[in-house]
Amino acid sequence: MEKIGVVGAGLMGSEIALVFALAGHEVLLADRTEADAAAGIERLVGVLKKAVERGFQTREAADAALKRIRATADLGTFKDCDLVTEAVFEDLAVKSAVLAQLDAACKPDCIIATNTSTIPISTLAGTVSETRRARFIGTHYFSPVSRMRLVEVIPAFGTSDATFEFAQRLCTGAGKTPIRVKDVAGFAVNRVLHAFMIEAVRLVEEGVATPEDIDTACRLGLGHPMGPFELMDATTSSLCLQAQEIMQEAYGERFRPRPLLKQRVRAGFVGGRKARGWRR
Ligand SMILES: NC(=O)c1ccc[n+]([C@@H]2O[C@H](COP(=O)([O-])OP(=O)(O)OC[C@H]3O[C@@H](n4cnc5c(N)ncnc54)[C@H](O)[C@@H]3O)[C@@H](O)[C@H]2O)c1
């Protein structure tokens, strides 16, 4: 089976490593230090424990998957990988440095994918050598990766059809459902999502309904698993604001973040694990 590499053992990278390991691939998971990479694997123990308890995985499959993931800090060990996914910080300078190292370390026919949410795939493709660009692609996963089945697969200007088909095949083999999306700001899902969130905040500003009632409306009236305010609290309002500002720059007024969202972020009501948010 294809050998997989993942750089960045954070929230996304560690679970991307997990889904490929569960599908039977050997996976190398890298971070800045071997201890950071090992901590990413350690977090997966908890993810798998819950999956076994809920009956989504057998104990045997979970144990076997964990054994297939190896922690490293040395990208030189990626030389035999067939697909490497970059999932480091959302920062062009950090990503460019990692991608240049991967380009040098990986074999010529290795495909390099990025999990960026906001940086254009073609901009990142420009940071690898000319010869690699046909084998460079965006694969945008959703959190939590072990549960969310969608992957937006985004070719850059120079991506070959064979690379697209390879990425699509490997994602499908790992239990994901890939869709092809053009390289535009927000790709497809975040454009739909933020248009929706902006309108949800507008409803609160106008006093039409409370965040709690809008969440209830979306759960019970639209069949969504969670409402927009619960989702903002889970992903953090600061990240939502950042995404909306990027899309406002790309598409204009229709993505202008609502004043109430800006005020709450400035006041520290961002949600996430530590801060108060809309609902808690
Ligand atoms: N969090 C989400 O819901 C989500 C969804 C889709 C895409 N993304 C994208 O995925 C990427 C990772 O996001 P995350 O939420 O997992 O972030 P995170 O902060 O949890 O993890 C990033 C990891 O990258 C590591 N890292 C940073 N610089 C590195 C380097 N030079 N070499 C090796 N490792 C390095 C960090 O130590 C950290 O473990 C970002 O590009 C983000 O935009 C995130």
# chains A, B, ... in the order shown; residues from 1 in each chain; ligands from 1

$ closest_atom_pairs --of "chain A" --to "ligand 1" --cutoff "7 Å" --atoms "only C-alpha atoms and all ligand atoms" --output "tab-separated table"
residue	atom	partner	partner_atom_place_in_ligand_line	distance
A:Val7	CA	ligand 1	33 (C)	5.5
A:Gly8	CA	ligand 1	24 (O)	3.5
A:Ala9	CA	ligand 1	39 (O)	4.4
A:Gly10	CA	ligand 1	21 (O)	3.3
A:Leu11	CA	ligand 1	16 (O)	3.8
A:Met12	CA	ligand 1	16 (O)	3.6
A:Gly13	CA	ligand 1	16 (O)	5.4
A:Ala30	CA	ligand 1	33 (C)	6.0
A:Asp31	CA	ligand 1	34 (N)	3.6
A:Arg32	CA	ligand 1	33 (C)	4.1
A:Asp36	CA	ligand 1	37 (O)	6.4
A:Ala87	CA	ligand 1	11 (C)	4.1
A:Val88	CA	ligand 1	24 (O)	3.4
A:Phe89	CA	ligand 1	22 (C)	4.7
A:Glu90	CA	ligand 1	41 (O)	4.0
A:Val94	CA	ligand 1	31 (N)	5.7
A:Ala97	CA	ligand 1	31 (N)	6.9
A:Val98	CA	ligand 1	31 (N)	5.6
A:Asn115	CA	ligand 1	10 (O)	5.0
A:Thr116	CA	ligand 1	41 (O)	3.8
A:Ser117	CA	ligand 1	43 (O)	4.3
A:Thr118	CA	ligand 1	43 (O)	6.5
A:His140	CA	ligand 1	7 (C)	5.8
A:Tyr141	CA	ligand 1	6 (C)	5.2
A:Phe142	CA	ligand 1	5 (C)	4.9
A:Ser143	CA	ligand 1	3 (O)	4.7
A:Thr235	CA	ligand 1	3 (O)	6.3

$ write_last_selection --atoms "N, CA, C and O atoms" --output "compact mmCIF listing (two decimals), in the first residue's frame"
# COMPACT_ATOMS: atom_id res chain seq x y z
N VAL A 7 2.81 16.18 7.91
CA VAL A 7 3.62 17.12 8.69
C VAL A 7 2.68 18.04 9.46
O VAL A 7 1.80 18.68 8.86
N GLY A 8 2.89 18.12 10.78
CA GLY A 8 2.00 18.89 11.65
C GLY A 8 1.13 17.88 12.39
O GLY A 8 0.21 17.31 11.80
N ALA A 9 1.46 17.65 13.67
CA ALA A 9 0.72 16.64 14.44
C ALA A 9 -0.28 17.30 15.37
O ALA A 9 -0.47 16.89 16.51
N GLY A 10 -0.92 18.37 14.90
CA GLY A 10 -1.91 19.08 15.69
C GLY A 10 -3.28 18.46 15.53
O GLY A 10 -3.42 17.27 15.19
N LEU A 11 -4.30 19.30 15.73
CA LEU A 11 -5.69 18.84 15.66
C LEU A 11 -5.97 18.11 14.33
O LEU A 11 -6.53 17.02 14.32
N MET A 12 -5.59 18.73 13.22
CA MET A 12 -5.92 18.17 11.91
C MET A 12 -4.94 17.07 11.49
O MET A 12 -5.35 15.98 11.09
N GLY A 13 -3.63 17.38 11.57
CA GLY A 13 -2.63 16.44 11.06
C GLY A 13 -2.67 15.09 11.73
O GLY A 13 -2.58 14.05 11.06
N ALA A 30 5.03 13.85 11.37
CA ALA A 30 6.14 14.71 11.80
C ALA A 30 5.64 15.98 12.47
O ALA A 30 4.57 16.49 12.14
N ASP A 31 6.44 16.48 13.40
CA ASP A 31 6.19 17.80 13.98
C ASP A 31 7.55 18.43 14.23
O ASP A 31 8.58 17.87 13.83
N ARG A 32 7.56 19.58 14.91
CA ARG A 32 8.84 20.28 15.09
C ARG A 32 9.82 19.48 15.92
O ARG A 32 11.01 19.53 15.72
N ASP A 36 6.69 16.41 20.13
CA ASP A 36 5.42 17.01 19.67
C ASP A 36 4.66 16.01 18.78
O ASP A 36 3.43 15.90 18.86
N ALA A 87 0.08 19.90 7.24
CA ALA A 87 -0.99 20.44 8.10
C ALA A 87 -0.36 21.22 9.25
O ALA A 87 -0.67 21.00 10.42
N VAL A 88 0.59 22.12 8.91
CA VAL A 88 1.24 22.95 9.94
C VAL A 88 0.43 24.24 10.11
O VAL A 88 -0.65 24.40 9.52
N PHE A 89 0.96 25.20 10.89
CA PHE A 89 0.24 26.43 11.17
C PHE A 89 -0.20 27.13 9.88
O PHE A 89 0.48 27.07 8.87
N GLU A 90 -1.34 27.84 9.98
CA GLU A 90 -1.87 28.57 8.82
C GLU A 90 -1.09 29.87 8.64
O GLU A 90 -1.57 30.97 8.94
N VAL A 94 5.60 29.81 7.37
CA VAL A 94 5.83 28.49 7.99
C VAL A 94 5.57 27.40 6.95
O VAL A 94 6.36 26.47 6.78
N ALA A 97 8.32 27.18 4.21
CA ALA A 97 9.57 26.54 4.67
C ALA A 97 9.40 25.02 4.72
O ALA A 97 10.27 24.27 4.27
N VAL A 98 8.25 24.57 5.24
CA VAL A 98 8.01 23.12 5.34
C VAL A 98 7.90 22.51 3.93
O VAL A 98 8.47 21.45 3.65
N ASN A 115 -3.27 21.11 3.52
CA ASN A 115 -4.59 21.18 4.14
C ASN A 115 -4.94 22.63 4.50
O ASN A 115 -5.77 22.88 5.38
N THR A 116 -4.33 23.60 3.82
CA THR A 116 -4.61 25.00 4.14
C THR A 116 -6.11 25.30 4.03
O THR A 116 -6.81 24.72 3.19
N SER A 117 -6.58 26.23 4.87
CA SER A 117 -7.99 26.64 4.78
C SER A 117 -8.13 27.93 3.99
O SER A 117 -9.19 28.17 3.41
N THR A 118 -7.08 28.76 4.00
CA THR A 118 -7.27 30.10 3.45
C THR A 118 -6.21 30.55 2.44
O THR A 118 -6.43 31.54 1.75
N HIS A 140 -8.55 19.58 1.49
CA HIS A 140 -9.08 20.32 2.65
C HIS A 140 -10.03 19.42 3.43
O HIS A 140 -11.14 19.13 2.98
N TYR A 141 -9.55 18.98 4.60
CA TYR A 141 -10.33 18.09 5.48
C TYR A 141 -11.14 18.94 6.46
O TYR A 141 -10.89 20.13 6.64
N PHE A 142 -12.06 18.29 7.14
CA PHE A 142 -12.93 18.99 8.11
C PHE A 142 -12.77 18.36 9.49
O PHE A 142 -12.53 17.16 9.62
N SER A 143 -12.92 19.19 10.50
CA SER A 143 -12.68 18.75 11.88
C SER A 143 -13.98 18.27 12.54
O SER A 143 -15.00 18.94 12.40
N THR A 235 -15.42 26.23 16.83
CA THR A 235 -14.27 26.54 15.96
C THR A 235 -13.57 27.84 16.38
O THR A 235 -12.49 28.12 15.88

$ select_by_dssp --residues "stretch 51-124 of chain A" --states "strand (DSSP E)" --output "PDB file with N, CA, C and O atoms, in the first residue's frame"
ATOM      1  N   ILE A  69       1.423   4.142  12.824  1.00  0.00           N
ATOM      2  CA  ILE A  69       1.833   5.555  12.799  1.00  0.00           C
ATOM      3  C   ILE A  69       3.142   5.729  13.564  1.00  0.00           C
ATOM      4  O   ILE A  69       3.245   5.292  14.716  1.00  0.00           O
ATOM      5  N   ARG A  70       4.111   6.352  12.919  1.00  0.00           N
ATOM      6  CA  ARG A  70       5.416   6.557  13.570  1.00  0.00           C
ATOM      7  C   ARG A  70       5.701   8.048  13.684  1.00  0.00           C
ATOM      8  O   ARG A  70       5.529   8.800  12.711  1.00  0.00           O
ATOM      9  N   ALA A  71       6.144   8.463  14.867  1.00  0.00           N
ATOM     10  CA  ALA A  71       6.451   9.882  15.111  1.00  0.00           C
ATOM     11  C   ALA A  71       7.877  10.192  14.677  1.00  0.00           C
ATOM     12  O   ALA A  71       8.777   9.381  14.870  1.00  0.00           O
ATOM     13  N   THR A  72       8.064  11.372  14.099  1.00  0.00           N
ATOM     14  CA  THR A  72       9.408  11.793  13.706  1.00  0.00           C
ATOM     15  C   THR A  72       9.492  13.318  13.695  1.00  0.00           C
ATOM     16  O   THR A  72       8.466  13.999  13.644  1.00  0.00           O
ATOM     17  N   LEU A  83       2.402   9.900  -0.707  1.00  0.00           N
ATOM     18  CA  LEU A  83       1.552  11.085  -0.525  1.00  0.00           C
ATOM     19  C   LEU A  83       1.922  11.712   0.816  1.00  0.00           C
ATOM     20  O   LEU A  83       1.940  11.025   1.833  1.00  0.00           O
ATOM     21  N   VAL A  84       2.220  13.007   0.781  1.00  0.00           N
ATOM     22  CA  VAL A  84       2.526  13.722   2.026  1.00  0.00           C
ATOM     23  C   VAL A  84       1.546  14.874   2.161  1.00  0.00           C
ATOM     24  O   VAL A  84       1.345  15.633   1.209  1.00  0.00           O
ATOM     25  N   THR A  85       0.934  14.984   3.328  1.00  0.00           N
ATOM     26  CA  THR A  85       0.001  16.092   3.569  1.00  0.00           C
ATOM     27  C   THR A  85       0.613  17.048   4.578  1.00  0.00           C
ATOM     28  O   THR A  85       1.044  16.625   5.654  1.00  0.00           O
ATOM     29  N   GLU A  86       0.630  18.305   4.224  1.00  0.00           N
ATOM     30  CA  GLU A  86       1.146  19.353   5.109  1.00  0.00           C
ATOM     31  C   GLU A  86      -0.035  19.913   5.892  1.00  0.00           C
ATOM     32  O   GLU A  86      -1.035  20.324   5.300  1.00  0.00           O
ATOM     33  N   ILE A 111       3.429  12.804  -4.182  1.00  0.00           N
ATOM     34  CA  ILE A 111       2.463  13.909  -4.291  1.00  0.00           C
ATOM     35  C   ILE A 111       2.421  14.661  -2.963  1.00  0.00           C
ATOM     36  O   ILE A 111       2.323  14.049  -1.898  1.00  0.00           O
ATOM     37  N   ILE A 112       2.532  15.980  -3.056  1.00  0.00           N
ATOM     38  CA  ILE A 112       2.480  16.809  -1.851  1.00  0.00           C
ATOM     39  C   ILE A 112       1.132  17.537  -1.815  1.00  0.00           C
ATOM     40  O   ILE A 112       0.751  18.208  -2.781  1.00  0.00           O
ATOM     41  N   ALA A 113       0.416  17.349  -0.709  1.00  0.00           N
ATOM     42  CA  ALA A 113      -0.905  17.978  -0.555  1.00  0.00           C
ATOM     43  C   ALA A 113      -0.845  18.951   0.615  1.00  0.00           C
ATOM     44  O   ALA A 113      -0.108  18.744   1.573  1.00  0.00           O
ATOM     45  N   THR A 114      -1.636  20.014   0.534  1.00  0.00           N
ATOM     46  CA  THR A 114      -1.726  20.947   1.656  1.00  0.00           C
ATOM     47  C   THR A 114      -3.155  20.974   2.176  1.00  0.00           C
ATOM     48  O   THR A 114      -4.110  20.897   1.398  1.00  0.00           O
TER      49      THR A 114
END

$ closest_residue --among "A:Gly223, A:Gly271, A:Pro257, A:Pro178" --to "A:Gln242" --atoms "only C-alpha atoms"
A:Pro257

$ residues_around --residues "A:Arg169" --least-positions-apart "6" --cutoff "12 Å" --atoms "only C-alpha atoms" --output "list in words"
Glu2, Leu83, Val151, Val153, Ala162, Thr163, Gly175, Lys176, Thr177, Pro178 and Ile179 of chain A

$ select_by_dssp --residues "stretch 24-256 of chain A" --states "helix (DSSP H, G or I)" --output "ChimeraX atom specification"
/A:34-53,59-67,75-80,92-105,121-125,130-135,161-173,189-205,211-222,228-235,237-251,253-255

$ residues_around --residues "stretch 99-106 of chain A" --least-positions-apart "5" --cutoff "7 Å" --atoms "only C-alpha atoms" --output "PDB file with N, CA and C atoms, in the first residue's frame"
ATOM      1  N   LEU A  75      12.245  15.214   8.407  1.00  0.00           N
ATOM      2  CA  LEU A  75      11.534  15.069   7.129  1.00  0.00           C
ATOM      3  C   LEU A  75      12.337  14.230   6.129  1.00  0.00           C
ATOM      4  N   GLY A  76      13.614  14.007   6.423  1.00  0.00           N
ATOM      5  CA  GLY A  76      14.429  13.117   5.580  1.00  0.00           C
ATOM      6  C   GLY A  76      13.831  11.707   5.530  1.00  0.00           C
ATOM      7  N   PHE A  78      10.904  10.973   5.068  1.00  0.00           N
ATOM      8  CA  PHE A  78       9.743  10.959   4.163  1.00  0.00           C
ATOM      9  C   PHE A  78      10.126  10.535   2.736  1.00  0.00           C
ATOM     10  N   LYS A  79      11.374  10.118   2.544  1.00  0.00           N
ATOM     11  CA  LYS A  79      11.857   9.905   1.165  1.00  0.00           C
ATOM     12  C   LYS A  79      11.105   8.816   0.399  1.00  0.00           C
ATOM     13  N   ASP A  80      10.484   7.862   1.119  1.00  0.00           N
ATOM     14  CA  ASP A  80       9.754   6.786   0.427  1.00  0.00           C
ATOM     15  C   ASP A  80       8.249   7.043   0.363  1.00  0.00           C
ATOM     16  N   CYS A  81       7.792   8.181   0.878  1.00  0.00           N
ATOM     17  CA  CYS A  81       6.339   8.409   0.923  1.00  0.00           C
ATOM     18  C   CYS A  81       5.771   8.642  -0.475  1.00  0.00           C
ATOM     19  N   THR A 127       5.676  27.652  -4.148  1.00  0.00           N
ATOM     20  CA  THR A 127       6.819  27.553  -3.227  1.00  0.00           C
ATOM     21  C   THR A 127       7.595  26.247  -3.418  1.00  0.00           C
ATOM     22  N   VAL A 128       7.094  25.337  -4.282  1.00  0.00           N
ATOM     23  CA  VAL A 128       7.866  24.107  -4.561  1.00  0.00           C
ATOM     24  C   VAL A 128       8.490  24.232  -5.958  1.00  0.00           C
TER      25      VAL A 128
END

$ residues_around --residues "A:Phe229" --least-positions-apart "6" --cutoff "12 Å" --atoms "only C-alpha atoms" --output "PyMOL selection string"
chain A and resi 193-194+196-201+203-204+210-219+235-237+240+261+270-272+277-280
